[in-house]
Each structure stands twice: as C-alpha cells, then as structure tokens.
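Content type compact mmCIF, C-alpha atoms, from the file entry.txt:
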# COMPACT_ATOMS: atom_id res chain seq x y z
CA MET A 9 0.00 0.00 0.00
CA ASN A 10 2.73 2.38 1.04
CA LYS A 11 4.70 1.44 -2.02
CA ILE A 12 1.80 2.26 -4.31
CA LYS A 13 1.37 5.63 -2.59
CA LYS A 14 5.06 6.33 -3.02
CA ILE A 15 5.01 5.40 -6.68
CA THR A 16 1.89 7.52 -7.29
CA ALA A 17 3.52 10.42 -5.50
CA LEU A 18 6.68 9.99 -7.57
CA ILE A 19 4.67 9.94 -10.78
CA ILE A 20 2.76 13.06 -9.78
CA PHE A 21 5.90 14.88 -8.70
CA GLY A 22 7.67 13.67 -11.81
CA PHE A 23 4.87 15.03 -13.93
CA LEU A 24 4.85 18.35 -12.06
CA GLY A 25 8.60 18.48 -12.39
CA LEU A 26 8.35 18.01 -16.13
CA GLN A 27 5.68 20.67 -16.31
CA TYR A 28 7.89 22.97 -14.29
CA THR A 29 10.85 22.28 -16.53
CA PHE A 30 8.68 22.93 -19.55
CA ILE A 31 7.46 26.24 -18.18
CA ALA A 32 10.96 27.20 -17.14
CA GLN A 33 12.24 26.39 -20.63
CA ALA A 34 9.46 28.38 -22.23
CA GLN A 35 10.40 31.31 -20.02
CA GLU A 36 14.03 30.80 -20.85
CA SER A 37 13.39 30.83 -24.56
CA GLN A 38 11.44 34.03 -24.12
CA LYS A 39 14.38 35.40 -22.22
CA ASP A 40 16.53 34.26 -25.08
CA ASN A 41 14.90 36.95 -27.12
CA THR A 42 15.65 39.61 -24.53
CA LYS A 43 12.04 40.39 -23.89
CA ILE A 44 11.33 40.00 -27.52
CA GLN A 45 7.95 38.49 -27.95
CA THR A 46 6.72 36.28 -30.71
CA ASN A 47 3.68 37.79 -32.27
CA ASN A 48 1.37 34.82 -32.68
CA ASN A 49 -1.59 37.00 -33.43
CA SER A 50 -0.44 38.06 -36.86
CA LYS A 51 -3.35 37.55 -39.13
CA ASN A 52 -1.81 37.46 -42.53
CA LYS A 53 0.97 35.24 -43.77
CA THR A 54 3.24 37.98 -45.01
CA THR A 55 3.76 39.31 -41.51
CA MET A 56 4.28 35.82 -40.09
CA ASN A 57 7.87 35.82 -41.34
CA LYS A 58 8.47 38.99 -39.43
CA ALA A 59 7.12 37.55 -36.22
CA ILE A 60 9.83 38.75 -33.86
CA LYS A 61 9.16 42.01 -32.13
CA PHE A 62 12.17 43.76 -30.68
CA GLU A 63 11.24 46.04 -27.83
CA PHE A 64 12.69 49.22 -26.48
CA GLN A 65 13.12 47.99 -22.94
CA ALA A 66 11.62 50.13 -20.19
CA LEU A 67 14.27 51.19 -17.68
CA PRO A 68 13.56 48.99 -14.62
CA TYR A 69 14.11 51.97 -12.23
CA SER A 70 14.04 55.76 -12.26
CA TYR A 71 16.90 57.81 -13.71
CA ASP A 72 18.11 58.76 -10.23
CA ALA A 73 17.79 55.27 -8.71
CA LEU A 74 21.52 54.48 -9.01
CA GLU A 75 22.72 57.68 -7.32
CA PRO A 76 25.29 58.45 -6.09
CA TYR A 77 27.15 55.70 -7.93
CA ILE A 78 25.77 56.46 -11.36
CA ASP A 79 24.23 59.92 -11.57
CA LYS A 80 20.80 60.79 -12.85
CA LEU A 81 21.95 62.83 -15.85
CA THR A 82 24.24 60.04 -17.03
CA VAL A 83 21.48 57.43 -16.81
CA GLU A 84 19.04 59.76 -18.53
CA ILE A 85 21.29 60.54 -21.51
CA HIS A 86 22.66 57.00 -21.67
CA TYR A 87 19.19 55.48 -21.72
CA SER A 88 17.10 58.03 -23.62
CA LYS A 89 19.73 59.03 -26.20
CA HIS A 90 22.43 56.37 -26.65
CA TYR A 91 20.30 53.28 -26.02
CA LYS A 92 17.42 54.73 -28.02
CA ALA A 93 19.74 55.47 -30.96
CA TYR A 94 21.08 51.90 -30.93
CA TYR A 95 17.54 50.57 -30.82
CA ASN A 96 16.40 52.73 -33.74
CA ASN A 97 19.51 51.97 -35.79
CA PHE A 98 19.18 48.28 -35.04
CA LEU A 99 15.65 48.26 -36.49
CA ILE A 100 16.94 50.10 -39.56
CA ALA A 101 19.87 47.68 -39.93
CA ILE A 102 17.69 44.55 -39.92
CA LYS A 103 14.77 45.97 -41.91
CA ASP A 104 13.85 43.77 -44.88
CA THR A 105 16.60 41.27 -44.05
CA GLU A 106 16.38 37.70 -42.75
CA MET A 107 17.44 39.04 -39.35
CA GLU A 108 13.93 40.44 -38.90
CA SER A 109 12.58 36.96 -38.31
CA MET A 110 15.44 35.75 -36.11
CA ASN A 111 15.78 36.10 -32.38
CA ILE A 112 18.67 38.16 -31.09
CA LYS A 113 20.82 35.17 -30.15
CA GLU A 114 20.45 33.69 -33.63
CA ILE A 115 21.53 37.01 -35.08
CA PHE A 116 24.61 37.00 -32.83
CA ARG A 117 25.48 33.39 -33.72
CA ASN A 118 25.64 34.50 -37.37
CA ILE A 119 26.83 38.08 -36.94
CA SER A 120 29.96 37.66 -39.08
CA LYS A 121 27.68 37.23 -42.12
CA TYR A 122 26.04 40.61 -41.71
CA PRO A 123 27.12 44.24 -42.29
CA MET A 124 28.93 46.19 -39.56
CA ALA A 125 25.81 48.32 -38.96
CA ALA A 126 23.96 45.16 -37.90
CA ARG A 127 26.83 44.04 -35.65
CA ASN A 128 27.26 47.43 -33.99
CA ASN A 129 23.59 48.16 -33.45
CA SER A 130 22.35 44.69 -32.49
CA GLY A 131 25.16 44.64 -29.94
CA GLY A 132 24.38 48.19 -28.81
CA TYR A 133 20.73 47.25 -28.36
CA PHE A 134 21.28 43.96 -26.53
CA ASN A 135 24.28 45.01 -24.41
CA HIS A 136 22.52 48.07 -23.03
CA THR A 137 19.31 46.13 -22.31
CA PHE A 138 21.43 43.60 -20.46
CA TYR A 139 23.34 46.33 -18.61
CA TRP A 140 20.20 48.13 -17.37
CA GLU A 141 18.93 44.85 -15.96
CA SER A 142 22.29 44.06 -14.36
CA MET A 143 21.78 46.95 -11.98
CA LYS A 144 19.26 48.11 -9.41
CA ALA A 145 18.82 50.68 -6.65
CA LYS A 146 20.38 49.49 -3.40
CA GLY A 147 22.12 46.70 -5.21
CA GLY A 148 25.59 45.39 -4.57
CA GLY A 149 26.57 43.12 -1.73
CA LEU A 150 27.46 39.54 -2.45
CA PRO A 151 25.92 36.91 -4.70
CA THR A 152 24.28 34.01 -2.88
CA GLY A 153 23.48 30.34 -3.43
CA LYS A 154 24.67 28.40 -6.47
CA LEU A 155 26.13 31.44 -8.19
CA SER A 156 28.21 32.34 -5.17
CA LYS A 157 29.55 28.79 -4.99
CA ALA A 158 30.39 28.76 -8.70
CA ILE A 159 32.21 32.11 -8.44
CA ILE A 160 34.31 30.91 -5.50
CA LYS A 161 35.01 27.60 -7.21
CA THR A 162 36.17 29.32 -10.40
CA PHE A 163 38.00 32.37 -9.02
CA ASN A 164 38.92 31.12 -5.51
CA SER A 165 37.18 34.06 -3.87
CA PHE A 166 34.61 36.73 -4.60
CA ASP A 167 37.33 39.39 -4.26
CA GLU A 168 39.46 37.67 -6.87
CA PHE A 169 36.48 37.56 -9.24
CA LYS A 170 35.82 41.26 -8.59
CA LYS A 171 39.44 42.04 -9.32
CA GLN A 172 39.46 40.12 -12.62
CA PHE A 173 36.18 41.66 -13.76
CA SER A 174 37.32 45.16 -12.74
CA ASP A 175 40.64 44.67 -14.55
CA ALA A 176 38.79 43.56 -17.69
CA GLY A 177 36.94 46.88 -17.57
CA LYS A 178 39.99 48.98 -16.72
CA THR A 179 42.25 47.53 -19.40
CA ARG A 180 39.78 47.62 -22.28
CA PHE A 181 41.43 50.27 -24.44
CA GLY A 182 38.90 52.53 -26.17
CA SER A 183 35.21 51.64 -25.95
CA GLY A 184 33.73 48.34 -24.82
CA TRP A 185 32.30 46.07 -22.15
CA ALA A 186 33.41 43.75 -19.35
CA TRP A 187 31.55 40.44 -18.96
CA LEU A 188 31.01 37.51 -16.66
CA SER A 189 29.72 34.60 -18.75
CA LEU A 190 29.12 30.87 -18.70
CA ASP A 191 30.83 28.85 -21.42
CA ASP A 192 29.28 25.80 -23.09
CA LYS A 193 31.06 23.49 -20.65
CA GLY A 194 29.39 25.19 -17.71
CA ASN A 195 32.46 27.17 -16.62
CA LEU A 196 32.36 30.82 -15.59
CA PHE A 197 34.79 33.21 -17.27
CA VAL A 198 35.57 36.92 -17.37
CA CYS A 199 36.38 38.79 -20.58
CA SER A 200 36.01 42.13 -22.26
CA THR A 201 34.78 42.96 -25.75
CA PRO A 202 35.50 46.02 -27.93
CA ASN A 203 32.86 48.53 -29.04
CA GLN A 204 29.44 46.80 -29.05
CA ASP A 205 30.59 43.20 -29.44
CA ASN A 206 29.53 40.59 -26.88
CA PRO A 207 30.31 36.95 -25.98
CA LEU A 208 27.22 35.69 -27.85
CA MET A 209 28.66 36.80 -31.18
CA ASP A 210 30.34 34.27 -33.44
CA ILE A 211 33.29 36.66 -33.78
CA ALA A 212 33.90 36.77 -30.01
CA GLU A 213 37.32 35.63 -28.84
CA LYS A 214 35.68 33.58 -26.11
CA LYS A 215 32.03 32.65 -26.48
CA GLY A 216 29.47 32.10 -23.76
CA ASN A 217 26.18 33.04 -22.20
CA PRO A 218 26.50 36.44 -20.50
CA LEU A 219 25.53 36.77 -16.83
CA LEU A 220 26.79 40.23 -15.87
CA THR A 221 28.07 43.19 -17.86
CA MET A 222 29.60 46.60 -17.27
CA ASP A 223 29.69 49.33 -19.90
CA VAL A 224 33.09 51.02 -20.17
CA TRP A 225 32.31 53.31 -23.07
CA GLU A 226 33.22 56.78 -21.82
CA HIS A 227 29.58 57.87 -22.17
CA ALA A 228 28.73 55.44 -19.34
CA TYR A 229 30.70 57.44 -16.78
CA TYR A 230 32.28 60.59 -18.18
CA LEU A 231 29.89 63.22 -16.79
CA LYS A 232 30.53 62.08 -13.22
CA TYR A 233 33.94 60.41 -13.32
CA GLN A 234 35.67 61.93 -16.40
CA ASN A 235 39.06 60.25 -16.87
CA LYS A 236 38.68 58.23 -13.66
CA ARG A 237 37.24 55.05 -15.14
CA ALA A 238 38.58 53.07 -12.19
CA ASP A 239 36.38 55.07 -9.79
CA TYR A 240 33.29 54.29 -11.86
CA ILE A 241 34.24 50.61 -11.81
CA ASP A 242 34.65 50.65 -8.02
CA ALA A 243 31.23 52.33 -7.70
CA PHE A 244 29.57 49.87 -10.08
CA TRP A 245 29.75 47.07 -7.49
CA ASN A 246 27.25 49.02 -5.34
CA VAL A 247 24.50 48.77 -7.95
CA VAL A 248 24.91 45.20 -9.23
CA ASN A 249 21.63 43.30 -9.19
CA TRP A 250 22.87 39.92 -7.96
CA ASP A 251 19.37 38.41 -7.94
CA GLU A 252 19.14 39.03 -11.66
CA VAL A 253 22.64 37.65 -12.24
CA ALA A 254 21.75 34.53 -10.22
CA LYS A 255 18.59 34.07 -12.30
CA ARG A 256 20.58 34.34 -15.50
CA TYR A 257 23.03 31.78 -14.14
CA GLU A 258 20.21 29.30 -13.39
CA ASN A 259 18.76 29.85 -16.86
CA ALA A 260 22.13 29.46 -18.54
CA LEU A 261 22.72 26.19 -16.65
CA LYS A 262 19.28 24.93 -17.66
CA SER A 263 19.82 25.74 -21.30
CA LEU A 264 23.14 23.84 -21.12
CA SER A 265 21.48 20.74 -19.67
CA THR A 266 18.80 20.74 -22.38
CA LYS A 267 21.32 20.97 -25.21
CA MET B 16 64.63 60.37 -23.22
CA LYS B 17 61.67 61.57 -21.18
CA PHE B 18 58.54 62.43 -23.09
CA GLU B 19 56.79 65.60 -22.04
CA LEU B 20 53.39 67.15 -22.31
CA PRO B 21 53.73 69.95 -24.93
CA LYS B 22 52.88 73.52 -24.02
CA LEU B 23 49.81 74.77 -25.88
CA PRO B 24 49.90 78.03 -27.87
CA TYR B 25 46.66 79.31 -26.30
CA ASP B 26 44.99 79.51 -22.89
CA LEU B 27 42.70 76.65 -22.00
CA ASN B 28 39.59 78.86 -22.05
CA GLN B 29 40.40 80.55 -25.34
CA LEU B 30 38.64 78.06 -27.58
CA GLU B 31 35.31 78.45 -25.79
CA PRO B 32 32.52 77.87 -26.56
CA VAL B 33 33.71 75.28 -29.12
CA ILE B 34 35.83 73.44 -26.54
CA THR B 35 35.48 74.52 -22.92
CA ALA B 36 38.24 75.01 -20.38
CA LYS B 37 36.74 72.14 -18.40
CA THR B 38 37.17 69.76 -21.33
CA PHE B 39 40.78 70.95 -21.73
CA GLU B 40 41.39 70.45 -18.03
CA PHE B 41 40.65 66.75 -18.47
CA HIS B 42 41.53 66.11 -22.09
CA TYR B 43 44.89 67.85 -22.01
CA GLY B 44 45.58 67.89 -18.27
CA LYS B 45 44.57 64.30 -17.52
CA HIS B 46 44.22 62.10 -20.63
CA HIS B 47 47.13 63.55 -22.63
CA GLN B 48 49.26 63.70 -19.48
CA ALA B 49 48.41 60.08 -18.63
CA TYR B 50 49.60 58.88 -22.03
CA VAL B 51 52.88 60.73 -21.46
CA ASN B 52 53.28 59.24 -17.98
CA ASN B 53 52.36 55.75 -19.17
CA LEU B 54 54.87 55.80 -22.01
CA ASN B 55 57.62 57.07 -19.73
CA ASN B 56 56.89 54.11 -17.47
CA LEU B 57 56.71 51.58 -20.30
CA VAL B 58 59.83 52.27 -22.40
CA PRO B 59 62.70 51.91 -19.90
CA GLY B 60 64.42 48.59 -20.50
CA THR B 61 62.93 48.18 -24.00
CA LYS B 62 64.54 48.82 -27.37
CA PHE B 63 62.57 52.08 -27.49
CA GLU B 64 64.43 53.63 -24.59
CA ASN B 65 66.10 56.29 -26.75
CA ALA B 66 63.73 56.24 -29.70
CA THR B 67 61.71 59.16 -31.01
CA LEU B 68 57.92 59.11 -30.73
CA GLU B 69 57.64 58.60 -34.51
CA THR B 70 59.94 55.57 -34.44
CA ILE B 71 58.03 54.06 -31.54
CA ILE B 72 54.73 54.55 -33.40
CA LYS B 73 56.10 52.88 -36.53
CA GLU B 74 57.76 49.95 -34.78
CA SER B 75 55.78 49.10 -31.65
CA ASP B 76 52.45 47.53 -30.83
CA GLY B 77 50.28 46.90 -27.76
CA GLY B 78 50.49 49.24 -24.80
CA ILE B 79 53.64 51.05 -25.97
CA PHE B 80 52.06 51.79 -29.35
CA ASN B 81 48.76 52.91 -27.80
CA ASN B 82 50.41 55.40 -25.48
CA ALA B 83 52.97 56.68 -27.98
CA ALA B 84 50.39 57.15 -30.73
CA GLN B 85 47.95 58.82 -28.35
CA ILE B 86 50.65 61.33 -27.28
CA TRP B 87 51.38 62.11 -30.92
CA ASN B 88 47.70 62.26 -31.98
CA HIS B 89 46.71 64.55 -29.14
CA THR B 90 49.64 66.92 -29.71
CA PHE B 91 48.80 67.06 -33.42
CA TYR B 92 45.13 67.69 -32.60
CA PHE B 93 45.69 70.39 -29.97
CA MET B 94 48.25 72.16 -32.16
CA SER B 95 45.69 72.49 -34.99
CA PHE B 96 43.70 75.11 -33.13
CA ALA B 97 43.76 78.85 -32.49
CA PRO B 98 41.27 81.31 -31.04
CA ASN B 99 39.34 83.26 -33.69
CA ALA B 100 40.42 80.81 -36.35
CA GLY B 101 38.26 78.83 -38.77
CA GLY B 102 37.38 80.16 -42.20
CA GLU B 103 38.91 78.53 -45.26
CA PRO B 104 42.39 77.38 -46.22
CA LYS B 105 44.34 79.48 -48.74
CA GLY B 106 47.11 78.96 -51.25
CA LYS B 107 48.52 75.53 -52.01
CA LEU B 108 46.31 73.67 -49.53
CA ALA B 109 43.15 75.26 -50.93
CA GLU B 110 44.24 74.21 -54.42
CA LEU B 111 44.85 70.62 -53.34
CA ILE B 112 41.51 70.41 -51.58
CA THR B 113 39.69 71.65 -54.66
CA ARG B 114 41.72 69.31 -56.87
CA ASP B 115 41.04 66.19 -54.78
CA PHE B 116 37.58 66.82 -53.32
CA GLY B 117 35.96 69.20 -55.83
CA SER B 118 35.43 71.99 -53.31
CA PHE B 119 36.13 72.99 -49.71
CA ALA B 120 32.46 72.36 -48.86
CA GLU B 121 32.67 68.84 -50.23
CA PHE B 122 35.87 68.15 -48.31
CA LYS B 123 34.22 69.38 -45.11
CA ASP B 124 31.25 67.10 -45.69
CA LYS B 125 33.43 64.07 -46.25
CA PHE B 126 35.67 64.77 -43.28
CA ALA B 127 32.65 65.35 -41.03
CA LYS B 128 31.07 62.13 -42.27
CA ALA B 129 34.24 60.17 -41.46
CA ALA B 130 34.25 61.69 -37.97
CA THR B 131 30.55 61.04 -37.40
CA THR B 132 30.60 57.43 -38.55
CA LEU B 133 33.78 56.27 -36.80
CA PHE B 134 32.24 53.70 -34.45
CA GLY B 135 33.55 53.64 -30.90
CA SER B 136 36.69 55.60 -30.03
CA GLY B 137 39.07 57.04 -32.61
CA TRP B 138 40.11 59.75 -35.03
CA ALA B 139 39.27 61.09 -38.48
CA TRP B 140 42.18 62.36 -40.59
CA LEU B 141 43.05 64.41 -43.62
CA VAL B 142 46.28 62.91 -45.00
CA ILE B 143 48.49 62.96 -48.07
CA ASN B 144 48.63 59.43 -49.39
CA LYS B 145 51.55 57.68 -51.08
CA GLU B 146 50.44 58.98 -54.50
CA GLY B 147 50.56 62.55 -53.23
CA LYS B 148 46.80 62.92 -53.14
CA LEU B 149 44.70 64.19 -50.27
CA GLU B 150 42.62 61.52 -48.63
CA ILE B 151 40.29 61.19 -45.65
CA THR B 152 40.83 58.22 -43.34
CA GLN B 153 39.44 56.84 -40.08
CA GLU B 154 41.48 55.28 -37.29
CA SER B 155 40.11 53.35 -34.30
CA ASN B 156 41.39 53.92 -30.78
CA ALA B 157 45.05 55.03 -30.97
CA GLY B 158 45.38 54.47 -34.73
CA CYS B 159 47.80 56.90 -36.38
CA PRO B 160 48.45 57.51 -40.11
CA LEU B 161 52.24 57.57 -39.54
CA LYS B 162 51.99 53.83 -38.96
CA HIS B 163 50.87 53.37 -42.59
CA GLY B 164 53.36 55.79 -44.15
CA LEU B 165 50.76 58.52 -44.68
CA LYS B 166 51.37 62.22 -44.05
CA PRO B 167 48.77 63.67 -41.66
CA LEU B 168 47.54 67.24 -42.12
CA LEU B 169 44.46 67.54 -39.91
CA THR B 170 42.69 65.41 -37.34
CA ILE B 171 39.63 65.40 -35.16
CA ASP B 172 39.45 63.38 -31.96
CA VAL B 173 36.14 61.54 -31.68
CA TRP B 174 36.83 59.63 -28.50
CA GLU B 175 33.86 60.56 -26.33
CA HIS B 176 36.22 62.23 -23.84
CA ALA B 177 36.95 64.89 -26.50
CA TYR B 178 33.41 66.22 -26.45
CA TYR B 179 31.24 64.54 -23.82
CA ILE B 180 31.42 67.31 -21.19
CA ASP B 181 30.42 69.93 -23.78
CA TYR B 182 28.16 68.02 -26.17
CA GLN B 183 27.29 64.66 -24.53
CA ASN B 184 25.81 62.33 -27.17
CA ARG B 185 25.71 65.07 -29.82
CA ARG B 186 28.91 64.24 -31.67
CA PRO B 187 27.72 65.96 -34.89
CA ASP B 188 27.40 69.28 -33.00
CA TYR B 189 30.98 69.00 -31.81
CA ILE B 190 32.15 68.25 -35.34
CA ALA B 191 30.20 71.23 -36.74
CA ALA B 192 31.74 73.54 -34.11
CA PHE B 193 35.25 72.15 -34.65
CA TRP B 194 35.61 74.07 -37.95
CA ASN B 195 35.53 77.37 -36.04
CA ILE B 196 38.85 76.72 -34.30
CA VAL B 197 40.90 75.06 -37.06
CA ASP B 198 43.97 77.20 -37.75
CA TRP B 199 44.42 76.69 -41.50
CA LYS B 200 47.82 78.45 -41.48
CA VAL B 201 49.15 75.67 -39.25
CA ILE B 202 47.57 72.99 -41.41
CA GLU B 203 49.13 74.46 -44.58
CA GLU B 204 52.56 74.50 -42.94
CA ARG B 205 52.24 70.74 -42.50
CA LEU B 206 52.15 70.20 -46.30
Exercise: express the given structure as structure tokens:
Amino acid sequence: MNKIKKITALIIFGFLGLQYTFIAQAQESQKDNTKIQTNNNSKNKTTMNKAIKFEFQALPYSYDALEPYIDKLTVEIHYSKHYKAYYNNFLIAIKDTEMESMNIKEIFRNISKYPMAARNNSGGYFNHTFYWESMKAKGGGLPTGKLSKAIIKTFNSFDEFKKQFSDAGKTRFGSGWAWLSLDDKGNLFVCSTPNQDNPLMDIAEKKGNPLLTMDVWEHAYYLKYQNKRADYIDAFWNVVNWDEVAKRYENALKSLSTK
Amino acid sequence: MKFELPKLPYDLNQLEPVITAKTFEFHYGKHHQAYVNNLNNLVPGTKFENATLETIIKESDGGIFNNAAQIWNHTFYFMSFAPNAGGEPKGKLAELITRDFGSFAEFKDKFAKAATTLFGSGWAWLVINKEGKLEITQESNAGCPLKHGLKPLLTIDVWEHAYYIDYQNRRPDYIAAFWNIVDWKVIEERL
C-alpha cells in the first residue's frame, strides 16, 4: 500500500517536475529573445515571417535610482539618447533582411555574415538592455546560493572575481564592455569585448552566455567620473543586481542541460 | 629620453565655446598627461628607450604603441587650433583640396562624415597618401596615419572624452563647431 502511494507520489511529482521544466524552458526561450515576444496573433501570412518584435526595454528603475554611484543625468542621456539610438539603428539595420525573423541570439550566432551596422547596433541594443537589468537601486553586496559557490570555485574568492572583472573593464582600451559569462562546458569566465561586441557573437574571442556586464564606453561614466574610469568601476559594485545575475546563471545552466 | 606634455599656444579657455576650459582640463591635463606618464613608465628597458615618438609609433604595438600614438595624436590635434580661427584654407592647400575633393564644402562634408561614422573611439584624418593625393581616413582607438606611411595634415578626436562634457551624445554638433577653431595656417605649414 505504502509502495503504491510512493510510486503515485513519484509519478505526480515527476509530472509536475516536467511541467515545471517545460514552463521554465518556455520562459528561458522568451528570455533568449531579450524580452522579444513572438507575435502569434499576426493575421496574414506575409507578416508571419516577421514575427519577432524587438522592444525598447523600459528602464527597470528611475533615472536617479543608481545615485550616487551612477548619476541621474548620465542614466538619462545614456538610456534616452544612446540606447534609443542603438535601438532605432538596429531596427533600420535589420529591416527587410532575414534578421527580422530571427531572435537576437540567432543574429549573434551569425553576426559575421552581416554588415557592420547590424553588428554594432544589435550589440548596442542587446548590451545596453542587459546592462540596465544588471543593476538596481540598493544593489551590490554579495551573490548568494549556487552562483556564489560557482564564483568561489572558479576564481577562488569573490574578491578575486571582482578584481578580474574590474581589470577587464579597466584595461579595455577605447570603448567596450566587461563580462562575466558561462561557457558551453558550464564554466564561468571573465572577458572584455570592444565597441558593441559581446560573448554571444560568433566573432567573439571567447564565447558564452553572458551573466553580468559593465559598460566602459566613456559615455557610461564621463559626466561624473571623467578620466577616472577606475572610480566608476569601483562604484559599479554598489549597484549590481545579484538576484538578476543569479537568475541568469540558473537559466544558462538549464539551457546547457537541455542541449 | 623623457617624453613631455607639450605647451599649448593658447589659454585653456580661449577656444570656448567650441571646446570649454573644463574639457581641456581633463583632455589635455589628464588624458594627454596620462599617455605621457604611461609611455615614460613603459619604455625603460625596451629597445625604445632612446627612440623618437615617430619611431616608436612605426615599430611598436600593444600598450607602448597605444600610449605613444595617443601622445602624438593629441599633440597634433591640440596644435591644430587657435582662437578666432576657422574660415577657409588658402594657397597651395586650398588648391589641393579643390583638386582632390571638388570643393572645400565637399571636403568638409566628407571629413565630417568620417568623424561622425567612426564607431567607438578614434580619429578622423586628412592625410596625403603615397600617391601625393589628399585623402580622408578613419582610425580606431590610438590608430595613427604615420603607422601606414601617410602624411597627416588635420585630425579630429572623436573619443567621447573629446566632447562629452560639452556636447554629450551630440557628436555631430561637436564636429560642426570644430571648424571654427581650425587654424588653417598651421595645417598648410604641414604640407
């Protein structure tokens, strides 16, 4: 009797587990598109090929939410001017091309095939979206749970990780980004990319699924920090949204295990 | 040989409103100075210890190249300006511009376009190429025409630090204003 109960329970939990995995994967694949939603409601066939809708992501906090670490004016110009320009130019760059019906990660996996305007603006659009969501008001502190363990396992300590990530930002000559990513073997790594490139692009020196990013274009910090990029990098750690980074880590692990 | 920050032939507020004293304070006083300091720290013990800046630019790469070329580029850029300058080039330079671009207006358009479209950090240049013709080029980051055997005549810095305090994201406004401080006499002497 007990055995039957146990087996029934296992089956039910197994089923729920599968359901959960399915839902999680569906959410992950939506994430994959960086909040890009598939428009299933298109009525006529001609628009079906252009089903992907790329969105201008709402800033998840107010312009002054990251003060004093990143000032209001910087966030306002960075978001409403630079990010907006990348978004608009991205739409122009993919208009009437096959990229219109691809999700952003597919575009990146094939970016070497496309013109520089597509590379620069798809990167500019995605990287900034990812950056806004990497931060929050009253952020900072330390990562927890699985992510924390993985960071310590890979870098020996959180401080060593912070140092490597900060150095990636400090030593990027010219414009670019610092990244923490997960490679396809499930290992964390730190790198930097020039201009608007990112680790999802097929041209990246080291490829992986990004978890955390920091913008080191001068426009990200110049109004407040001018030539002192290192001070901006030190301040950045106070606004990191570790919950979001942890979520990305879980999703990246899941997408590895379903490959 | 120690590299030094060059003295500028104008006061730091004299190019206002095109470039403000505050921008100079950082661009010249901090960025340019940092490239000088970095290079002075990098060359001892290398084959470039007694080399000229030009030789280093032609023969080095990596950090030494970046700092050497950025010293040279910034000096070349800052030395192109004068208060109450602008206008149009005269004499030989004017002739060459008309010969190779059709008109001064067309040259300005092309140069401005090169400066506007340089993606990321870098420089737009007017150079004399190996065939003796004027040409407009773009260089990323610390890129310098000397490296390719070209003769530079004019440059505009489009690293964001060159204009962000004064113009923020409006790079085209900075480029439009730039023409008001170009000292064409200096540019012609570079021919």
Pick out the residues sitting within 9 Å of stretch 165-175 of chain A, and hand them over as a PyMOL selection string; count only C-alpha atoms, and ignore anything fewer than 5 positions along from it in its own chain. chain A and resi 150-151+156+159-160+180+186-188+198-200+222+238+241-242+245
Selection: 10 Å around B:Gly158, only C-alpha atoms, excl. self and same-chain fewer than 2 positions, as an mmCIF file with C-alpha atoms, keeping the file's coordinate frame:
data_model
loop_
_atom_site.group_PDB
_atom_site.id
_atom_site.type_symbol
_atom_site.label_atom_id
_atom_site.label_comp_id
_atom_site.auth_asym_id
_atom_site.auth_seq_id
_atom_site.Cartn_x
_atom_site.Cartn_y
_atom_site.Cartn_z
ATOM 1 C CA ILE B 72 54.730 54.550 -33.400
ATOM 2 C CA PHE B 80 52.060 51.790 -29.350
ATOM 3 C CA ASN B 81 48.760 52.910 -27.800
ATOM 4 C CA ALA B 84 50.390 57.150 -30.730
ATOM 5 C CA GLN B 85 47.950 58.820 -28.350
ATOM 6 C CA ASN B 88 47.700 62.260 -31.980
ATOM 7 C CA SER B 136 36.690 55.600 -30.030
ATOM 8 C CA GLY B 137 39.070 57.040 -32.610
ATOM 9 C CA TRP B 138 40.110 59.750 -35.030
ATOM 10 C CA ALA B 139 39.270 61.090 -38.480
ATOM 11 C CA GLN B 153 39.440 56.840 -40.080
ATOM 12 C CA GLU B 154 41.480 55.280 -37.290
ATOM 13 C CA SER B 155 40.110 53.350 -34.300
ATOM 14 C CA ASN B 156 41.390 53.920 -30.780
ATOM 15 C CA PRO B 160 48.450 57.510 -40.110
ATOM 16 C CA LEU B 161 52.240 57.570 -39.540
ATOM 17 C CA LYS B 162 51.990 53.830 -38.960
ATOM 18 C CA HIS B 163 50.870 53.370 -42.590
#
Inset, instruction - May I ask which of the residues A:Asp205, A:Asp239, A:Asp251, A:Glu141 is the closest one to A:Ile78, counting all atoms listed in the file? - result: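 Among the listed residues, A:Asp239 lies closest to A:Ile78.
Interface residues on chain B toward chain A (cut-off 10 Å, all atoms listed in the file): B:Thr38, B:Phe41, B:His42, B:Lys45, B:His46, B:Ala49, B:Gly78, B:Asn81, B:Phe134, B:Gly135, B:Ser136, B:Gly137, B:Ser155, B:Asn156, B:Ala157, B:Trp174, B:Glu175, B:His176, B:Tyr179, B:Ile180, B:Asp181, B:Gln183, B:Asn184, B:Arg185.
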TODO: Using all atoms listed in the file, determine which residues lie at most 10 Å from A:Ser70, disregarding the query and same-chain residues fewer than 3 positions distant; provide the list as a list of chain:residue names.
DONE: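 Residues meeting the cut-off are A:Leu67, A:Ala73, A:Leu74, A:Lys80, A:Val83, A:Glu84, A:Lys144, A:Ala145.
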Now that the selection is made, can you save its residues with C-alpha atoms as a PDB file, in the coordinates of the input?
ATOM      1  CA  LEU A  67      14.270  51.190 -17.680  1.00  0.00           C
ATOM      2  CA  ALA A  73      17.790  55.270  -8.710  1.00  0.00           C
ATOM      3  CA  LEU A  74      21.520  54.480  -9.010  1.00  0.00           C
ATOM      4  CA  LYS A  80      20.800  60.790 -12.850  1.00  0.00           C
ATOM      5  CA  VAL A  83      21.480  57.430 -16.810  1.00  0.00           C
ATOM      6  CA  GLU A  84      19.040  59.760 -18.530  1.00  0.00           C
ATOM      7  CA  LYS A 144      19.260  48.110  -9.410  1.00  0.00           C
ATOM      8  CA  ALA A 145      18.820  50.680  -6.650  1.00  0.00           C
TER       9      ALA A 145
END
Tell me, as a short mmCIF file (atom, residue, chain, number, x, y, z; two decimals) with C-alpha atoms, keeping the file's coordinate frame, which residues lie within 9 Å of B:Phe126, counting all atoms listed in the file; anything in the same chain fewer than 4 positions away does not count.
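Writing the result to selection_19.cif gives the following:
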data_model
loop_
_atom_site.label_atom_id
_atom_site.label_comp_id
_atom_site.auth_asym_id
_atom_site.auth_seq_id
_atom_site.Cartn_x
_atom_site.Cartn_y
_atom_site.Cartn_z
CA GLU B 121 32.67 68.84 -50.23
CA PHE B 122 35.87 68.15 -48.31
CA ALA B 130 34.25 61.69 -37.97
CA THR B 131 30.55 61.04 -37.40
CA ALA B 139 39.27 61.09 -38.48
CA TRP B 140 42.18 62.36 -40.59
CA LEU B 141 43.05 64.41 -43.62
CA ILE B 151 40.29 61.19 -45.65
CA THR B 152 40.83 58.22 -43.34
#
### Message
What does the structure give for the distance between atom CA of A:Phe197 and atom CA of A:Ala228, in Å to one decimal?
### Response
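So the two atoms, atom CA of A:Phe197 and atom CA of A:Ala228, lie 23.1 Å apart.
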Which neighbours of A:Leu196 fall inside 9 Å, counting only C-alpha atoms, when residues of the same chain fewer than 6 positions from it are skipped, and could you give them as a PyMOL selection string?
chain A and resi 158-159+162-163+188-190+216
